[in-house]
Number of protein chains: 2
Amino acid sequence: MVAKNLTSPSLNISIGDRETLLKQQGKIIWFTGLSGAGKSTLANALEVALYQQRVHTFLLDGDIVRLGLNQDLGFSDADRTENIRRIAHTAKLMMDAGLIVICAFISPFRKERDLARNLAGDGRFLEIYLNTSLEDCTKRDTKGLYKQANAGTLKNLSGVGSNYEPPVRPEIILNTAELSIEQSIEKILALL
Amino acid sequence: MVAKNLTSPSLNISIGDRETLLKQQGKIIWFTGLSGAGKSTLANALEVALYQQRVHTFLLDGDIVRLGLNQDLGFSDADRTENIRRIAHTAKLMMDAGLIVICAFISPFRKERDLARNLAGDGRFLEIYLNTSLEDCTKRDTKGLYKQANAGTLKNLSGVGSNYEPPVRPEIILNTAELSIEQSIEKILALL
C-alpha cells in the first residue's frame, strides 16, 4: 500500500515525517518527586487516559530502566546522574520517533532534568512536580523504603539520606495528598 | 475523542495495547557489517520504503547514538561492547512501543548482537549481514577510515585493527557489491 497523502521523503525520514504519519507531535512528560509521591500511579493513569484518546505513548520508569539499559548503575550520586542522563537521551530518541514519552523518576537533581528539557526543546517538555510532602510520602511508604532509610539500612534515599532538588519552574505542580488521581490527570490533560 | 474499537485497558498499557493502536507489531531490524558495507544507506532506504507503506519506524545509527546516549564511550573493545549493549536495550524499549526499529551498527561482536536478538524475542529480530568484503569496503572507504587505519593513525577499525565476528545464522545476507539498493530492499521487504 502506498501512502498517497504523505509528502514523498527524499533520502531520509525526518522527525516531522514520523509525526505526520502518527498524526501527533512528540513530547516528553516528566514526573519528578520523592519516592511514594505518586509518580508511577499518575504516569500509568495518564498513559491510559491518552490511550483512550488514541495517542501513541511510551512509559519509562525505574523498573523498566534499572533492569535493562541501566542495570550497571547503583544509587550513588554519580550513578543517579548517569541514570537520568541516559534516560533523558532515550526519551529524546523516542520523542523523535513521534511518541509522547512519559517519564516517572525521582530524578532528584535539577541538572539532569534540565538536560532532558533542553534535549526535548521548546514546547515539547512538560515537567510535573509532585510536591507531596516528605511526611506524607513517609506515611504512605509504598515500597517500604522510608522505614529502611530511617532504620539506617538504606542509604541515599532522596529526601532522607540524599538530596532532592525541587524544580524551579515546573509546568505543573500537584500534591497527591490533596488531589485525586482523576483530578490530577484532568489538570495534566488540560495543559496538553 | 474516545476510542471505541479498542479494548479498555485496566491499570496499565501493555505492549500489545500499543501495537493494537499502531496496527503493527514491534520488531528490530539489525544491520551488521564492516564500515563502508552499506549499512546506513540500506537502513535509510528501508525506512523510506516502510514509510511509504505507512509503517511506523525509527532508525538508530552511530551518528545518533554516539552524540547523545553513548557520548561517554570510545572505541575500545569494552566501550564497543557497552555501546551495543545500551543500543540493544534502547531498541527493545522502542520495539515495546510498537515501532519497527532499524539499527545500523558495525556491531562487531556476536555476544551483543545475540543480546539484542534475545531481548527482542522470537520472530521479532531480523539480522541482516552485509558481507561485502573488506577489499570492497576498503575500495569504497566511504568515511576515509581504511586509509587512516592502514596508515596506522586509526586503531580499532573493525576488520583491520579490531576483530569482526560474522553472524552465524543471520536472517538475510546481502553483498552490496553485487546487489543494487533496490534489490536489497526488495529482499528485506519480502522477509518482513
# chains A, B, ... in the order shown; residues from 1 in each chain; ligands from 1

$ closest_atom_pairs --of "chain B" --to "chain A" --cutoff "9 Å" --atoms "only C-alpha atoms" --output "Markdown table"
| residue | atom | partner | partner_atom | distance |
| --- | --- | --- | --- | --- |
| B:Met1 | CA | A:Gln53 | CA | 5.3 |
| B:Val2 | CA | A:Gln53 | CA | 5.1 |
| B:Ala3 | CA | A:Gln52 | CA | 5.4 |
| B:Lys4 | CA | A:Gln52 | CA | 8.4 |
| B:Leu6 | CA | A:Gln52 | CA | 8.0 |
| B:Ser8 | CA | A:Gln52 | CA | 7.8 |
| B:Pro9 | CA | A:Val48 | CA | 6.8 |
| B:Ser10 | CA | A:Val48 | CA | 7.9 |
| B:Leu11 | CA | A:Asn44 | CA | 6.8 |
| B:Asn12 | CA | A:Asn44 | CA | 5.7 |
| B:Ile13 | CA | A:Val48 | CA | 6.2 |
| B:Asp17 | CA | A:Tyr51 | CA | 8.5 |
| B:Arg18 | CA | A:His56 | CA | 7.1 |
| B:Leu21 | CA | A:Arg54 | CA | 6.7 |
| B:Leu22 | CA | A:His56 | CA | 7.6 |
| B:Thr41 | CA | A:Leu11 | CA | 8.8 |
| B:Asn44 | CA | A:Asn12 | CA | 5.7 |
| B:Ala45 | CA | A:Leu11 | CA | 6.8 |
| B:Glu47 | CA | A:Ile13 | CA | 6.8 |
| B:Val48 | CA | A:Ile13 | CA | 6.2 |
| B:Tyr51 | CA | A:Ile13 | CA | 7.8 |
| B:Gln52 | CA | A:Ala3 | CA | 5.3 |
| B:Gln53 | CA | A:Val2 | CA | 5.2 |
| B:Arg54 | CA | A:Ala3 | CA | 6.2 |
| B:Val55 | CA | A:Leu21 | CA | 8.3 |
| B:His56 | CA | A:Arg18 | CA | 7.0 |
| B:Thr57 | CA | A:Ala97 | CA | 7.2 |
| B:Phe58 | CA | A:Ala97 | CA | 5.8 |
| B:Leu59 | CA | A:Ala97 | CA | 8.7 |
| B:Leu60 | CA | A:Leu93 | CA | 8.7 |
| B:Ile64 | CA | A:Leu93 | CA | 8.7 |
| B:Val65 | CA | A:His89 | CA | 8.9 |
| B:Gly68 | CA | A:His89 | CA | 6.2 |
| B:Leu69 | CA | A:His89 | CA | 5.2 |
| B:Asn70 | CA | A:Arg86 | CA | 8.1 |
| B:Arg85 | CA | A:Leu69 | CA | 7.7 |
| B:Arg86 | CA | A:Leu69 | CA | 5.5 |
| B:Ile87 | CA | A:Leu69 | CA | 8.3 |
| B:Ala88 | CA | A:Leu69 | CA | 8.3 |
| B:His89 | CA | A:Leu69 | CA | 5.2 |
| B:Thr90 | CA | A:Thr90 | CA | 6.8 |
| B:Leu93 | CA | A:Ile64 | CA | 8.6 |
| B:Met94 | CA | A:Met94 | CA | 6.8 |
| B:Asp96 | CA | A:Phe58 | CA | 8.3 |
| B:Ala97 | CA | A:Phe58 | CA | 5.8 |
| B:Leu99 | CA | A:Ala97 | CA | 8.5 |

$ residues_around --residues "Leu42 of chain B" --least-positions-apart "3" --cutoff "8 Å" --atoms "only C-alpha atoms" --output "number ranges by chain"
B: 38-39, 45-46, 181, 184-185

$ write_last_selection --atoms "C-alpha atoms" --output "compact mmCIF listing (two decimals), in the first residue's frame"
# COMPACT_ATOMS: atom_id res chain seq x y z
CA GLY B 38 26.32 -0.03 3.12
CA LYS B 39 24.51 -0.31 6.45
CA ALA B 45 16.34 3.28 2.10
CA LEU B 46 14.45 0.67 4.11
CA ILE B 181 19.89 -0.80 -3.22
CA SER B 184 18.49 -5.39 -1.39
CA ILE B 185 15.40 -3.58 -0.11

$ select_by_dssp --residues "segment 4-190 of chain A" --states "alpha helix (DSSP H)" --output "count of residues only"
82

$ closest_residue --among "A:Ala104, A:Cys137, A:Leu154, A:Ala37" --to "Ser76 of chain A" --atoms "only C-alpha atoms"
A:Leu154

$ residues_around --residues "Gly33 of chain A" --least-positions-apart "6" --cutoff "7 Å" --atoms "only C-alpha atoms" --output "PDB file with all heavy atoms, in the first residue's frame"
ATOM      1  N   ILE A 106      12.272   9.615  40.320  1.00  0.00           N
ATOM      2  CA  ILE A 106      12.547  10.582  41.380  1.00  0.00           C
ATOM      3  C   ILE A 106      13.345  11.729  40.759  1.00  0.00           C
ATOM      4  O   ILE A 106      13.061  12.875  40.987  1.00  0.00           O
ATOM      5  CB  ILE A 106      13.357   9.933  42.532  1.00  0.00           C
ATOM      6  CG1 ILE A 106      12.541   8.809  43.202  1.00  0.00           C
ATOM      7  CG2 ILE A 106      13.740  10.999  43.564  1.00  0.00           C
ATOM      8  CD1 ILE A 106      13.288   8.073  44.310  1.00  0.00           C
ATOM      9  N   TYR A 129       5.810  18.343  38.770  1.00  0.00           N
ATOM     10  CA  TYR A 129       6.417  18.180  40.091  1.00  0.00           C
ATOM     11  C   TYR A 129       5.347  17.730  41.089  1.00  0.00           C
ATOM     12  O   TYR A 129       4.383  18.435  41.333  1.00  0.00           O
ATOM     13  CB  TYR A 129       7.044  19.509  40.525  1.00  0.00           C
ATOM     14  CG  TYR A 129       7.568  19.533  41.951  1.00  0.00           C
ATOM     15  CD1 TYR A 129       8.173  18.417  42.524  1.00  0.00           C
ATOM     16  CD2 TYR A 129       7.458  20.694  42.721  1.00  0.00           C
ATOM     17  CE1 TYR A 129       8.652  18.455  43.831  1.00  0.00           C
ATOM     18  CE2 TYR A 129       7.942  20.741  44.027  1.00  0.00           C
ATOM     19  CZ  TYR A 129       8.533  19.612  44.576  1.00  0.00           C
ATOM     20  OH  TYR A 129       9.001  19.646  45.865  1.00  0.00           O
ATOM     21  N   LEU A 130       5.533  16.550  41.625  1.00  0.00           N
ATOM     22  CA  LEU A 130       4.630  16.082  42.682  1.00  0.00           C
ATOM     23  C   LEU A 130       5.237  16.533  44.011  1.00  0.00           C
ATOM     24  O   LEU A 130       6.204  15.929  44.486  1.00  0.00           O
ATOM     25  CB  LEU A 130       4.482  14.565  42.623  1.00  0.00           C
ATOM     26  CG  LEU A 130       4.007  13.993  41.272  1.00  0.00           C
ATOM     27  CD1 LEU A 130       3.627  12.527  41.417  1.00  0.00           C
ATOM     28  CD2 LEU A 130       2.841  14.784  40.702  1.00  0.00           C
ATOM     29  N   ASN A 131       4.688  17.584  44.564  1.00  0.00           N
ATOM     30  CA  ASN A 131       5.287  18.149  45.783  1.00  0.00           C
ATOM     31  C   ASN A 131       4.682  17.581  47.073  1.00  0.00           C
ATOM     32  O   ASN A 131       4.727  18.235  48.123  1.00  0.00           O
ATOM     33  CB  ASN A 131       5.234  19.683  45.756  1.00  0.00           C
ATOM     34  CG  ASN A 131       3.834  20.212  45.994  1.00  0.00           C
ATOM     35  OD1 ASN A 131       2.871  19.451  45.915  1.00  0.00           O
ATOM     36  ND2 ASN A 131       3.719  21.501  46.241  1.00  0.00           N
TER      37      ASN A 131
END

$ atom_distance --atom1 "atom CA of Asn156 of chain B" --atom2 "atom CA of Asn118 of chain B"
26.9 Å

$ atom_distance --atom1 "atom CA of Leu145 of chain B" --atom2 "atom CA of Ser162 of chain B"
12.9 Å

$ residues_around --residues "Pro167 of chain B" --least-positions-apart "3" --cutoff "12 Å" --atoms "only C-alpha atoms" --output "PyMOL selection string"
chain B and resi 30-33+106-114+117+126-131+164+170-173

$ write_last_selection --atoms "N, CA, C and O atoms" --output "tab-separated table (two decimals), in the first residue's frame"
chain	number	residue	atom	x	y	z
B	30	TRP	N	18.21	-5.45	12.33
B	30	TRP	CA	19.58	-5.13	12.73
B	30	TRP	C	20.56	-5.35	11.59
B	30	TRP	O	20.82	-6.49	11.18
B	31	PHE	N	21.13	-4.26	11.07
B	31	PHE	CA	22.17	-4.35	10.04
B	31	PHE	C	23.53	-4.46	10.69
B	31	PHE	O	23.88	-3.63	11.54
B	32	THR	N	24.31	-5.42	10.30
B	32	THR	CA	25.70	-5.55	10.79
B	32	THR	C	26.64	-5.77	9.60
B	32	THR	O	26.24	-6.35	8.58
B	33	GLY	N	27.86	-5.30	9.74
B	33	GLY	CA	28.85	-5.44	8.68
B	33	GLY	C	29.94	-4.40	8.85
B	33	GLY	O	29.82	-3.50	9.69
B	106	ILE	N	28.15	-1.29	13.00
B	106	ILE	CA	29.12	-2.34	12.70
B	106	ILE	C	28.84	-3.52	13.62
B	106	ILE	O	28.80	-4.65	13.20
B	107	SER	N	28.60	-3.23	14.90
B	107	SER	CA	28.30	-4.23	15.94
B	107	SER	C	29.13	-5.49	15.72
B	107	SER	O	28.61	-6.53	15.34
B	108	PRO	N	30.45	-5.36	15.98
B	108	PRO	CA	31.40	-6.40	15.56
B	108	PRO	C	31.31	-7.73	16.34
B	108	PRO	O	31.76	-8.75	15.82
B	109	PHE	N	30.73	-7.68	17.54
B	109	PHE	CA	30.78	-8.90	18.36
B	109	PHE	C	29.43	-9.62	18.42
B	109	PHE	O	28.38	-9.00	18.56
B	110	ARG	N	29.51	-10.94	18.34
B	110	ARG	CA	28.31	-11.77	18.34
B	110	ARG	C	27.50	-11.62	19.62
B	110	ARG	O	26.28	-11.61	19.59
B	111	LYS	N	28.22	-11.54	20.73
B	111	LYS	CA	27.54	-11.56	22.03
B	111	LYS	C	26.49	-10.47	22.16
B	111	LYS	O	25.36	-10.72	22.60
B	112	GLU	N	26.84	-9.23	21.76
B	112	GLU	CA	25.88	-8.13	21.91
B	112	GLU	C	24.76	-8.22	20.86
B	112	GLU	O	23.63	-7.83	21.13
B	113	ARG	N	25.10	-8.71	19.66
B	113	ARG	CA	24.03	-8.87	18.68
B	113	ARG	C	23.05	-9.93	19.18
B	113	ARG	O	21.83	-9.79	19.01
B	114	ASP	N	23.59	-10.97	19.80
B	114	ASP	CA	22.71	-12.01	20.34
B	114	ASP	C	21.89	-11.48	21.53
B	114	ASP	O	20.76	-11.92	21.75
B	117	ARG	N	19.03	-9.83	19.98
B	117	ARG	CA	18.11	-10.88	19.48
B	117	ARG	C	17.29	-11.47	20.63
B	117	ARG	O	16.07	-11.64	20.52
B	126	LEU	N	15.42	-9.39	13.16
B	126	LEU	CA	15.86	-9.71	11.81
B	126	LEU	C	17.30	-9.23	11.68
B	126	LEU	O	17.57	-8.03	11.66
B	127	GLU	N	18.23	-10.19	11.61
B	127	GLU	CA	19.64	-9.80	11.49
B	127	GLU	C	20.02	-9.81	10.02
B	127	GLU	O	19.87	-10.82	9.33
B	128	ILE	N	20.48	-8.68	9.55
B	128	ILE	CA	20.87	-8.56	8.15
B	128	ILE	C	22.37	-8.35	8.08
B	128	ILE	O	22.89	-7.33	8.52
B	129	TYR	N	23.04	-9.36	7.55
B	129	TYR	CA	24.50	-9.32	7.47
B	129	TYR	C	24.94	-8.82	6.10
B	129	TYR	O	24.64	-9.46	5.08
B	130	LEU	N	25.60	-7.69	6.09
B	130	LEU	CA	26.16	-7.20	4.83
B	130	LEU	C	27.58	-7.74	4.71
B	130	LEU	O	28.49	-7.26	5.38
B	131	ASN	N	27.71	-8.80	3.90
B	131	ASN	CA	29.02	-9.47	3.84
B	131	ASN	C	29.93	-8.93	2.74
B	131	ASN	O	30.81	-9.63	2.25
B	164	TYR	N	36.14	-8.53	13.72
B	164	TYR	CA	34.72	-8.54	13.35
B	164	TYR	C	34.24	-9.98	13.29
B	164	TYR	O	34.80	-10.79	12.53
B	170	PRO	N	22.35	-15.39	10.30
B	170	PRO	CA	21.57	-14.17	10.06
B	170	PRO	C	20.33	-14.51	9.23
B	170	PRO	O	20.33	-15.50	8.49
B	171	GLU	N	19.28	-13.72	9.39
B	171	GLU	CA	18.06	-13.94	8.60
B	171	GLU	C	18.30	-13.62	7.12
B	171	GLU	O	17.69	-14.24	6.25
B	172	ILE	N	19.15	-12.65	6.85
B	172	ILE	CA	19.44	-12.27	5.46
B	172	ILE	C	20.93	-11.97	5.32
B	172	ILE	O	21.53	-11.35	6.20
B	173	ILE	N	21.50	-12.39	4.19
B	173	ILE	CA	22.87	-12.00	3.85
B	173	ILE	C	22.81	-11.23	2.53
B	173	ILE	O	22.19	-11.68	1.56

$ atom_distance --atom1 "atom CA of Glu135 of chain A" --atom2 "atom CA of Gly152 of chain A"
17.5 Å
